[in-house]
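Pasting work.pdb here (PDB, C-alpha atoms):
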ATOM      1  CA  MET A 160      58.709 -42.040 -23.399  1.00  0.00           C
ATOM      2  CA  THR A 161      56.479 -40.118 -20.968  1.00  0.00           C
ATOM      3  CA  VAL A 162      57.047 -36.690 -19.416  1.00  0.00           C
ATOM      4  CA  ARG A 163      57.803 -38.424 -16.121  1.00  0.00           C
ATOM      5  CA  ASP A 164      60.586 -40.415 -17.812  1.00  0.00           C
ATOM      6  CA  HIS A 165      62.077 -37.222 -19.274  1.00  0.00           C
ATOM      7  CA  VAL A 166      62.030 -35.508 -15.872  1.00  0.00           C
ATOM      8  CA  ALA A 167      63.550 -38.587 -14.216  1.00  0.00           C
ATOM      9  CA  ALA A 168      66.300 -38.569 -16.858  1.00  0.00           C
ATOM     10  CA  ILE A 169      67.127 -34.937 -16.052  1.00  0.00           C
ATOM     11  CA  PHE A 170      67.327 -35.379 -12.277  1.00  0.00           C
ATOM     12  CA  LYS A 171      69.844 -38.154 -11.858  1.00  0.00           C
ATOM     13  CA  SER A 172      72.002 -38.842  -8.839  1.00  0.00           C
ATOM     14  CA  PRO A 173      75.692 -37.878  -9.053  1.00  0.00           C
ATOM     15  CA  ASP A 174      76.550 -41.581  -9.424  1.00  0.00           C
ATOM     16  CA  GLU A 175      74.320 -41.928 -12.500  1.00  0.00           C
ATOM     17  CA  LEU A 176      75.339 -38.684 -14.194  1.00  0.00           C
ATOM     18  CA  ASP A 177      78.707 -38.346 -15.924  1.00  0.00           C
ATOM     19  CA  LEU A 178      79.317 -34.892 -17.401  1.00  0.00           C
ATOM     20  CA  THR A 179      82.981 -35.574 -18.148  1.00  0.00           C
ATOM     21  CA  SER A 180      82.646 -37.941 -21.086  1.00  0.00           C
ATOM     22  CA  GLY A 181      80.823 -37.865 -24.385  1.00  0.00           C
ATOM     23  CA  GLY A 182      79.698 -34.824 -26.340  1.00  0.00           C
ATOM     24  CA  ILE A 183      79.564 -31.269 -25.047  1.00  0.00           C
ATOM     25  CA  ALA A 184      75.874 -30.595 -25.805  1.00  0.00           C
ATOM     26  CA  LYS A 185      74.351 -32.718 -23.033  1.00  0.00           C
ATOM     27  CA  PRO A 186      76.501 -31.319 -20.176  1.00  0.00           C
ATOM     28  CA  LEU A 187      76.055 -27.770 -21.469  1.00  0.00           C
ATOM     29  CA  ILE A 188      72.280 -28.087 -21.569  1.00  0.00           C
ATOM     30  CA  TYR A 189      72.160 -29.878 -18.234  1.00  0.00           C
ATOM     31  CA  LEU A 190      74.306 -27.271 -16.496  1.00  0.00           C
ATOM     32  CA  SER A 191      72.445 -24.343 -18.049  1.00  0.00           C
ATOM     33  CA  ILE A 192      68.998 -25.410 -16.796  1.00  0.00           C
ATOM     34  CA  PRO A 193      69.262 -23.581 -13.424  1.00  0.00           C
ATOM     35  CA  LEU A 194      70.443 -20.399 -15.161  1.00  0.00           C
ATOM     36  CA  ILE A 195      67.618 -20.595 -17.687  1.00  0.00           C
ATOM     37  CA  ILE A 196      65.048 -21.053 -14.915  1.00  0.00           C
ATOM     38  CA  THR A 197      66.513 -18.143 -12.939  1.00  0.00           C
ATOM     39  CA  ASN A 198      66.405 -15.860 -15.969  1.00  0.00           C
ATOM     40  CA  LEU A 199      62.832 -16.879 -16.793  1.00  0.00           C
ATOM     41  CA  LEU A 200      61.765 -16.050 -13.232  1.00  0.00           C
ATOM     42  CA  GLN A 201      63.530 -12.680 -13.413  1.00  0.00           C
ATOM     43  CA  VAL A 202      61.904 -11.816 -16.744  1.00  0.00           C
ATOM     44  CA  THR A 203      58.493 -12.880 -15.420  1.00  0.00           C
ATOM     45  CA  TYR A 204      58.981 -10.650 -12.380  1.00  0.00           C
ATOM     46  CA  ASN A 205      59.985  -7.688 -14.583  1.00  0.00           C
ATOM     47  CA  LEU A 206      57.012  -8.215 -16.905  1.00  0.00           C
ATOM     48  CA  ALA A 207      54.581  -8.345 -13.986  1.00  0.00           C
ATOM     49  CA  ASP A 208      56.186  -5.251 -12.479  1.00  0.00           C
ATOM     50  CA  THR A 209      55.935  -3.374 -15.773  1.00  0.00           C
ATOM     51  CA  PHE A 210      52.327  -4.464 -16.346  1.00  0.00           C
ATOM     52  CA  TRP A 211      51.038  -3.364 -12.938  1.00  0.00           C
ATOM     53  CA  LEU A 212      52.967  -0.114 -12.897  1.00  0.00           C
ATOM     54  CA  GLY A 213      51.706   0.660 -16.392  1.00  0.00           C
ATOM     55  CA  GLN A 214      48.165   0.216 -15.068  1.00  0.00           C
ATOM     56  CA  HIS A 215      48.926   2.669 -12.259  1.00  0.00           C
ATOM     57  CA  SER A 216      50.466   5.545 -14.243  1.00  0.00           C
ATOM     58  CA  THR A 217      53.001   6.349 -16.916  1.00  0.00           C
ATOM     59  CA  THR A 218      55.079   8.257 -14.343  1.00  0.00           C
ATOM     60  CA  SER A 219      55.340   5.096 -12.242  1.00  0.00           C
ATOM     61  CA  LEU A 220      56.352   3.142 -15.330  1.00  0.00           C
ATOM     62  CA  ALA A 221      58.980   5.787 -16.119  1.00  0.00           C
ATOM     63  CA  ALA A 222      60.310   5.460 -12.561  1.00  0.00           C
ATOM     64  CA  ILE A 223      60.771   1.701 -12.819  1.00  0.00           C
ATOM     65  CA  SER A 224      62.412   2.129 -16.222  1.00  0.00           C
ATOM     66  CA  PHE A 225      64.749   4.722 -14.737  1.00  0.00           C
ATOM     67  CA  ALA A 226      65.614   2.419 -11.820  1.00  0.00           C
ATOM     68  CA  PHE A 227      66.390  -0.534 -14.096  1.00  0.00           C
ATOM     69  CA  PRO A 228      70.103   0.266 -14.699  1.00  0.00           C
ATOM     70  CA  MET A 229      70.716   0.489 -10.953  1.00  0.00           C
ATOM     71  CA  VAL A 230      68.769  -2.727 -10.343  1.00  0.00           C
ATOM     72  CA  PHE A 231      70.606  -4.501 -13.159  1.00  0.00           C
ATOM     73  CA  PHE A 232      73.958  -3.383 -11.701  1.00  0.00           C
ATOM     74  CA  LEU A 233      73.023  -4.893  -8.323  1.00  0.00           C
ATOM     75  CA  ILE A 234      71.791  -8.103  -9.964  1.00  0.00           C
ATOM     76  CA  ALA A 235      75.069  -8.336 -11.893  1.00  0.00           C
ATOM     77  CA  LEU A 236      77.023  -8.017  -8.634  1.00  0.00           C
ATOM     78  CA  ALA A 237      74.890 -10.708  -7.022  1.00  0.00           C
ATOM     79  CA  LEU A 238      75.344 -12.979 -10.022  1.00  0.00           C
ATOM     80  CA  GLY A 239      79.105 -12.437  -9.931  1.00  0.00           C
ATOM     81  CA  VAL A 240      79.324 -13.470  -6.288  1.00  0.00           C
ATOM     82  CA  SER A 241      77.088 -16.465  -6.963  1.00  0.00           C
ATOM     83  CA  VAL A 242      79.097 -17.662  -9.968  1.00  0.00           C
ATOM     84  CA  ALA A 243      82.406 -17.203  -8.150  1.00  0.00           C
ATOM     85  CA  GLY A 244      81.154 -19.272  -5.225  1.00  0.00           C
ATOM     86  CA  SER A 245      79.753 -21.928  -7.530  1.00  0.00           C
ATOM     87  CA  VAL A 246      83.085 -22.229  -9.325  1.00  0.00           C
ATOM     88  CA  LEU A 247      84.948 -22.694  -6.047  1.00  0.00           C
ATOM     89  CA  VAL A 248      82.490 -25.319  -4.844  1.00  0.00           C
ATOM     90  CA  ALA A 249      82.635 -27.107  -8.201  1.00  0.00           C
ATOM     91  CA  GLN A 250      86.432 -27.148  -8.215  1.00  0.00           C
ATOM     92  CA  TYR A 251      86.628 -28.606  -4.724  1.00  0.00           C
ATOM     93  CA  THR A 252      83.863 -31.087  -5.442  1.00  0.00           C
ATOM     94  CA  GLY A 253      85.562 -32.194  -8.650  1.00  0.00           C
ATOM     95  CA  ALA A 254      88.822 -32.662  -6.767  1.00  0.00           C
ATOM     96  CA  GLY A 255      87.019 -34.838  -4.217  1.00  0.00           C
ATOM     97  CA  GLU A 256      87.657 -32.345  -1.407  1.00  0.00           C
ATOM     98  CA  THR A 257      84.225 -32.375   0.224  1.00  0.00           C
ATOM     99  CA  GLU A 258      85.183 -30.449   3.356  1.00  0.00           C
ATOM    100  CA  GLU A 259      86.751 -27.654   1.329  1.00  0.00           C
ATOM    101  CA  ALA A 260      83.676 -27.531  -0.907  1.00  0.00           C
ATOM    102  CA  GLU A 261      81.434 -27.205   2.147  1.00  0.00           C
ATOM    103  CA  TYR A 262      83.694 -24.483   3.559  1.00  0.00           C
ATOM    104  CA  ALA A 263      83.662 -22.595   0.228  1.00  0.00           C
ATOM    105  CA  ALA A 264      79.859 -22.857   0.096  1.00  0.00           C
ATOM    106  CA  SER A 265      79.438 -21.553   3.638  1.00  0.00           C
ATOM    107  CA  GLN A 266      81.925 -18.727   3.007  1.00  0.00           C
ATOM    108  CA  THR A 267      80.115 -17.805  -0.218  1.00  0.00           C
ATOM    109  CA  ILE A 268      76.801 -17.607   1.623  1.00  0.00           C
ATOM    110  CA  SER A 269      78.348 -15.519   4.405  1.00  0.00           C
ATOM    111  CA  TYR A 270      80.048 -13.202   1.923  1.00  0.00           C
ATOM    112  CA  THR A 271      76.814 -12.892  -0.047  1.00  0.00           C
ATOM    113  CA  ILE A 272      74.820 -11.898   3.034  1.00  0.00           C
ATOM    114  CA  ILE A 273      77.415  -9.372   4.206  1.00  0.00           C
ATOM    115  CA  THR A 274      77.844  -7.881   0.728  1.00  0.00           C
ATOM    116  CA  SER A 275      74.098  -7.567   0.181  1.00  0.00           C
ATOM    117  CA  LEU A 276      73.560  -5.925   3.574  1.00  0.00           C
ATOM    118  CA  VAL A 277      76.364  -3.412   3.001  1.00  0.00           C
ATOM    119  CA  LEU A 278      75.236  -2.602  -0.553  1.00  0.00           C
ATOM    120  CA  GLY A 279      71.619  -2.378   0.603  1.00  0.00           C
ATOM    121  CA  ALA A 280      72.520   0.063   3.387  1.00  0.00           C
ATOM    122  CA  VAL A 281      74.684   2.183   1.084  1.00  0.00           C
ATOM    123  CA  GLY A 282      71.995   2.108  -1.591  1.00  0.00           C
ATOM    124  CA  TYR A 283      69.294   3.110   0.882  1.00  0.00           C
ATOM    125  CA  VAL A 284      71.300   6.043   2.232  1.00  0.00           C
ATOM    126  CA  PHE A 285      72.651   7.352  -1.081  1.00  0.00           C
ATOM    127  CA  VAL A 286      69.805   6.514  -3.486  1.00  0.00           C
ATOM    128  CA  GLU A 287      68.688  10.141  -3.868  1.00  0.00           C
ATOM    129  CA  ASP A 288      72.252  11.254  -4.656  1.00  0.00           C
ATOM    130  CA  ALA A 289      72.588   8.520  -7.282  1.00  0.00           C
ATOM    131  CA  ILE A 290      69.283   9.482  -8.868  1.00  0.00           C
ATOM    132  CA  ALA A 291      70.322  13.138  -8.975  1.00  0.00           C
ATOM    133  CA  LEU A 292      73.604  12.152 -10.657  1.00  0.00           C
ATOM    134  CA  LEU A 293      71.676  10.214 -13.281  1.00  0.00           C
ATOM    135  CA  GLY A 294      69.458  13.238 -13.977  1.00  0.00           C
ATOM    136  CA  ALA A 295      65.955  12.105 -13.093  1.00  0.00           C
ATOM    137  CA  SER A 296      63.218  14.683 -13.533  1.00  0.00           C
ATOM    138  CA  ASP A 297      61.495  16.161 -10.478  1.00  0.00           C
ATOM    139  CA  ASP A 298      58.264  14.232 -11.005  1.00  0.00           C
ATOM    140  CA  VAL A 299      59.984  10.838 -11.464  1.00  0.00           C
ATOM    141  CA  ALA A 300      62.818  11.137  -8.895  1.00  0.00           C
ATOM    142  CA  PRO A 301      60.690  10.595  -5.748  1.00  0.00           C
ATOM    143  CA  LEU A 302      59.142   7.467  -7.254  1.00  0.00           C
ATOM    144  CA  VAL A 303      62.549   6.088  -8.271  1.00  0.00           C
ATOM    145  CA  ALA A 304      63.865   6.832  -4.775  1.00  0.00           C
ATOM    146  CA  ALA A 305      60.939   5.066  -3.114  1.00  0.00           C
ATOM    147  CA  TYR A 306      61.335   2.024  -5.371  1.00  0.00           C
ATOM    148  CA  MET A 307      65.100   1.820  -4.873  1.00  0.00           C
ATOM    149  CA  GLU A 308      64.775   2.220  -1.099  1.00  0.00           C
ATOM    150  CA  VAL A 309      62.473  -0.794  -0.958  1.00  0.00           C
ATOM    151  CA  TYR A 310      64.741  -2.673  -3.352  1.00  0.00           C
ATOM    152  CA  SER A 311      67.764  -1.834  -1.180  1.00  0.00           C
ATOM    153  CA  ILE A 312      66.031  -3.200   1.903  1.00  0.00           C
ATOM    154  CA  GLY A 313      65.244  -6.431   0.055  1.00  0.00           C
ATOM    155  CA  LEU A 314      68.663  -6.755  -1.582  1.00  0.00           C
ATOM    156  CA  VAL A 315      69.618  -9.644   0.680  1.00  0.00           C
ATOM    157  CA  ALA A 316      66.754 -11.631  -0.868  1.00  0.00           C
ATOM    158  CA  VAL A 317      67.952 -10.805  -4.392  1.00  0.00           C
ATOM    159  CA  PHE A 318      71.481 -11.967  -3.556  1.00  0.00           C
ATOM    160  CA  GLY A 319      70.130 -15.049  -1.811  1.00  0.00           C
ATOM    161  CA  PHE A 320      67.959 -15.916  -4.793  1.00  0.00           C
ATOM    162  CA  LEU A 321      70.961 -15.970  -7.101  1.00  0.00           C
TER     163      LEU A 321
END
Would it be possible to restate this file's structure as structure tokens?
Amino acid sequence: MTVRDHVAAIFKSPDELDLTSGGIAKPLIYLSIPLIITNLLQVTYNLADTFWLGQHSTTSLAAISFAFPMVFFLIALALGVSVAGSVLVAQYTGAGETEEAEYAASQTISYTIITSLVLGAVGYVFVEDAIALLGASDDVAPLVAAYMEVYSIGLVAVFGFL
């Protein structure tokens, strides 16, 4: 069996793919592929970020390390919204209610955009206060603030990605 055959076997049409019968391993692996790919992309991004900032200076690397808990919190929120929307769409799709599934998908996208814009604006305005609460040193705090301000502006892309 060639690589092309394996790829073709993975990407089947809904009529050819039945995840409701048989063993649990195949559906679990099949459904986890998008999550695995997303996580690999996120890890690759973080590794590249760490590598280039490490080349710049150790203070810059400390800033990105300090910002990580705030970034991870925002990613967790985005993932929560994404999973909740996916569950709703899956439930409606499984029940054969296509219009409701489409409505749930459009509402999830709208909610995601609004949530990311609000969180991005709040994060941009209050990032220095949050950094002060977390106790960043005077040499690292401006770098963390600059990074988080840019991240806050691009938060809609992070939410959209997930």
Could you write out as a PyMOL selection string the residues that the PyMOL selection byres ((chain A and resi 234-248) around 6) matches in the shown file?
chain A and resi 231-233+249-252+260+263+267+318
Sorted by chain and rising residue number, which residues of stretch 208-236 of chain A lie within 9 Å of stretch 306-316 of chain A, and what are their closest atom pairs and distances in Å to one decimal, counting all atoms listed in the file, as JSON lines?
{"residue": "A:Ala222", "atom": "CA", "partner": "A:Tyr306", "partner_atom": "CA", "distance": 8.0}
{"residue": "A:Ile223", "atom": "CA", "partner": "A:Tyr306", "partner_atom": "CA", "distance": 7.5}
{"residue": "A:Ala226", "atom": "CA", "partner": "A:Met307", "partner_atom": "CA", "distance": 7.0}
{"residue": "A:Met229", "atom": "CA", "partner": "A:Met307", "partner_atom": "CA", "distance": 8.4}
{"residue": "A:Val230", "atom": "CA", "partner": "A:Met307", "partner_atom": "CA", "distance": 8.0}
{"residue": "A:Leu233", "atom": "CA", "partner": "A:Leu314", "partner_atom": "CA", "distance": 8.2}
Pick from A:Tyr262, A:Phe210, A:Tyr270, A:Phe225 nearest to A:Ala304, counting only C-alpha atoms:
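Using only C-alpha atoms, the shortest distance to A:Ala304 belongs to A:Phe225.
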Separation of atom CA of A:Leu302 from atom CA of A:Phe285, in Å and rounded to one decimal
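Calculated distance between atom CA of A:Leu302 and atom CA of A:Phe285 is 14.9 Å.
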Centre, edges in Å (one decimal): axis-aligned box, stretch 300-304 of chain A, 6 Å padding on all six sides, as lines of an AutoDock Vina configuration file:
center_x = 61.5
center_y = 8.6
center_z = -6.8
size_x = 16.7
size_y = 17.0
size_z = 16.1
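Pairwise distance (atom CA of A:Ser191, atom CA of A:Gly319) equals 18.9 Å.
Proximity ranking of A:Ile268, A:Leu278, A:Ala221, A:Val284 relative to A:Val303 places A:Ala221 first, based on only C-alpha atoms.
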So how far away is atom CA of A:Ser224 from atom CA of A:Gly294, in Å?
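Pair atom CA of A:Gly294 / atom CA of A:Ser224 returns 13.3 Å.
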Hey, which of A:Ala305, A:Phe320, A:Val162, A:Ala300 ends up closest to A:Thr218? Count only C-alpha atoms.
A:Ala300
For stretch 232-243 of chain A, where the input has fewer atoms than it should, I would like all heavy atoms rebuilt and written as a PDB file, keeping the file's coordinate frame.
ATOM      1  N   PHE A 232      72.603  -3.424 -12.263  1.00  0.00           N
ATOM      2  CA  PHE A 232      73.958  -3.383 -11.701  1.00  0.00           C
ATOM      3  C   PHE A 232      74.029  -4.240 -10.436  1.00  0.00           C
ATOM      4  O   PHE A 232      74.961  -5.026 -10.265  1.00  0.00           O
ATOM      5  CB  PHE A 232      74.359  -1.935 -11.404  1.00  0.00           C
ATOM      6  CG  PHE A 232      75.673  -1.811 -10.698  1.00  0.00           C
ATOM      7  CD1 PHE A 232      76.861  -2.041 -11.375  1.00  0.00           C
ATOM      8  CD2 PHE A 232      75.728  -1.452  -9.365  1.00  0.00           C
ATOM      9  CE1 PHE A 232      78.085  -1.929 -10.725  1.00  0.00           C
ATOM     10  CE2 PHE A 232      76.937  -1.337  -8.703  1.00  0.00           C
ATOM     11  CZ  PHE A 232      78.121  -1.574  -9.381  1.00  0.00           C
ATOM     12  N   LEU A 233      73.041  -4.112  -9.563  1.00  0.00           N
ATOM     13  CA  LEU A 233      73.023  -4.893  -8.323  1.00  0.00           C
ATOM     14  C   LEU A 233      72.833  -6.384  -8.612  1.00  0.00           C
ATOM     15  O   LEU A 233      73.455  -7.230  -7.969  1.00  0.00           O
ATOM     16  CB  LEU A 233      71.935  -4.361  -7.389  1.00  0.00           C
ATOM     17  CG  LEU A 233      72.187  -2.950  -6.861  1.00  0.00           C
ATOM     18  CD1 LEU A 233      70.948  -2.417  -6.145  1.00  0.00           C
ATOM     19  CD2 LEU A 233      73.404  -2.904  -5.965  1.00  0.00           C
ATOM     20  N   ILE A 234      71.990  -6.702  -9.580  1.00  0.00           N
ATOM     21  CA  ILE A 234      71.791  -8.103  -9.964  1.00  0.00           C
ATOM     22  C   ILE A 234      73.088  -8.672 -10.539  1.00  0.00           C
ATOM     23  O   ILE A 234      73.459  -9.820 -10.256  1.00  0.00           O
ATOM     24  CB  ILE A 234      70.626  -8.246 -10.964  1.00  0.00           C
ATOM     25  CG1 ILE A 234      69.295  -7.985 -10.254  1.00  0.00           C
ATOM     26  CG2 ILE A 234      70.616  -9.625 -11.611  1.00  0.00           C
ATOM     27  CD1 ILE A 234      68.097  -7.908 -11.184  1.00  0.00           C
ATOM     28  N   ALA A 235      73.804  -7.881 -11.333  1.00  0.00           N
ATOM     29  CA  ALA A 235      75.069  -8.336 -11.893  1.00  0.00           C
ATOM     30  C   ALA A 235      76.088  -8.618 -10.789  1.00  0.00           C
ATOM     31  O   ALA A 235      76.831  -9.610 -10.851  1.00  0.00           O
ATOM     32  CB  ALA A 235      75.616  -7.300 -12.882  1.00  0.00           C
ATOM     33  N   LEU A 236      76.130  -7.769  -9.763  1.00  0.00           N
ATOM     34  CA  LEU A 236      77.023  -8.017  -8.634  1.00  0.00           C
ATOM     35  C   LEU A 236      76.640  -9.308  -7.915  1.00  0.00           C
ATOM     36  O   LEU A 236      77.511 -10.123  -7.574  1.00  0.00           O
ATOM     37  CB  LEU A 236      76.974  -6.848  -7.653  1.00  0.00           C
ATOM     38  CG  LEU A 236      77.654  -5.562  -8.094  1.00  0.00           C
ATOM     39  CD1 LEU A 236      77.394  -4.451  -7.063  1.00  0.00           C
ATOM     40  CD2 LEU A 236      79.141  -5.762  -8.284  1.00  0.00           C
ATOM     41  N   ALA A 237      75.355  -9.489  -7.695  1.00  0.00           N
ATOM     42  CA  ALA A 237      74.890 -10.708  -7.022  1.00  0.00           C
ATOM     43  C   ALA A 237      75.218 -11.939  -7.850  1.00  0.00           C
ATOM     44  O   ALA A 237      75.659 -12.963  -7.315  1.00  0.00           O
ATOM     45  CB  ALA A 237      73.382 -10.627  -6.776  1.00  0.00           C
ATOM     46  N   LEU A 238      75.035 -11.854  -9.144  1.00  0.00           N
ATOM     47  CA  LEU A 238      75.344 -12.979 -10.022  1.00  0.00           C
ATOM     48  C   LEU A 238      76.841 -13.274 -10.018  1.00  0.00           C
ATOM     49  O   LEU A 238      77.247 -14.438 -10.016  1.00  0.00           O
ATOM     50  CB  LEU A 238      74.854 -12.690 -11.444  1.00  0.00           C
ATOM     51  CG  LEU A 238      74.907 -13.833 -12.431  1.00  0.00           C
ATOM     52  CD1 LEU A 238      74.100 -15.019 -11.928  1.00  0.00           C
ATOM     53  CD2 LEU A 238      74.387 -13.387 -13.779  1.00  0.00           C
ATOM     54  N   GLY A 239      77.661 -12.239  -9.981  1.00  0.00           N
ATOM     55  CA  GLY A 239      79.105 -12.437  -9.931  1.00  0.00           C
ATOM     56  C   GLY A 239      79.539 -13.176  -8.682  1.00  0.00           C
ATOM     57  O   GLY A 239      80.348 -14.112  -8.747  1.00  0.00           O
ATOM     58  N   VAL A 240      78.998 -12.785  -7.539  1.00  0.00           N
ATOM     59  CA  VAL A 240      79.324 -13.470  -6.288  1.00  0.00           C
ATOM     60  C   VAL A 240      78.852 -14.917  -6.348  1.00  0.00           C
ATOM     61  O   VAL A 240      79.561 -15.846  -5.944  1.00  0.00           O
ATOM     62  CB  VAL A 240      78.701 -12.732  -5.084  1.00  0.00           C
ATOM     63  CG1 VAL A 240      78.838 -13.533  -3.802  1.00  0.00           C
ATOM     64  CG2 VAL A 240      79.325 -11.355  -4.916  1.00  0.00           C
ATOM     65  N   SER A 241      77.661 -15.125  -6.870  1.00  0.00           N
ATOM     66  CA  SER A 241      77.088 -16.465  -6.963  1.00  0.00           C
ATOM     67  C   SER A 241      77.925 -17.370  -7.874  1.00  0.00           C
ATOM     68  O   SER A 241      78.221 -18.514  -7.525  1.00  0.00           O
ATOM     69  CB  SER A 241      75.657 -16.370  -7.488  1.00  0.00           C
ATOM     70  OG  SER A 241      75.129 -17.637  -7.742  1.00  0.00           O
ATOM     71  N   VAL A 242      78.307 -16.866  -9.025  1.00  0.00           N
ATOM     72  CA  VAL A 242      79.097 -17.662  -9.968  1.00  0.00           C
ATOM     73  C   VAL A 242      80.472 -17.966  -9.384  1.00  0.00           C
ATOM     74  O   VAL A 242      80.962 -19.098  -9.488  1.00  0.00           O
ATOM     75  CB  VAL A 242      79.214 -16.947 -11.337  1.00  0.00           C
ATOM     76  CG1 VAL A 242      80.259 -17.601 -12.222  1.00  0.00           C
ATOM     77  CG2 VAL A 242      77.865 -16.932 -12.031  1.00  0.00           C
ATOM     78  N   ALA A 243      81.090 -16.976  -8.752  1.00  0.00           N
ATOM     79  CA  ALA A 243      82.406 -17.203  -8.150  1.00  0.00           C
ATOM     80  C   ALA A 243      82.331 -18.299  -7.087  1.00  0.00           C
ATOM     81  O   ALA A 243      83.180 -19.199  -7.043  1.00  0.00           O
ATOM     82  CB  ALA A 243      82.938 -15.906  -7.543  1.00  0.00           C
TER      83      ALA A 243
END
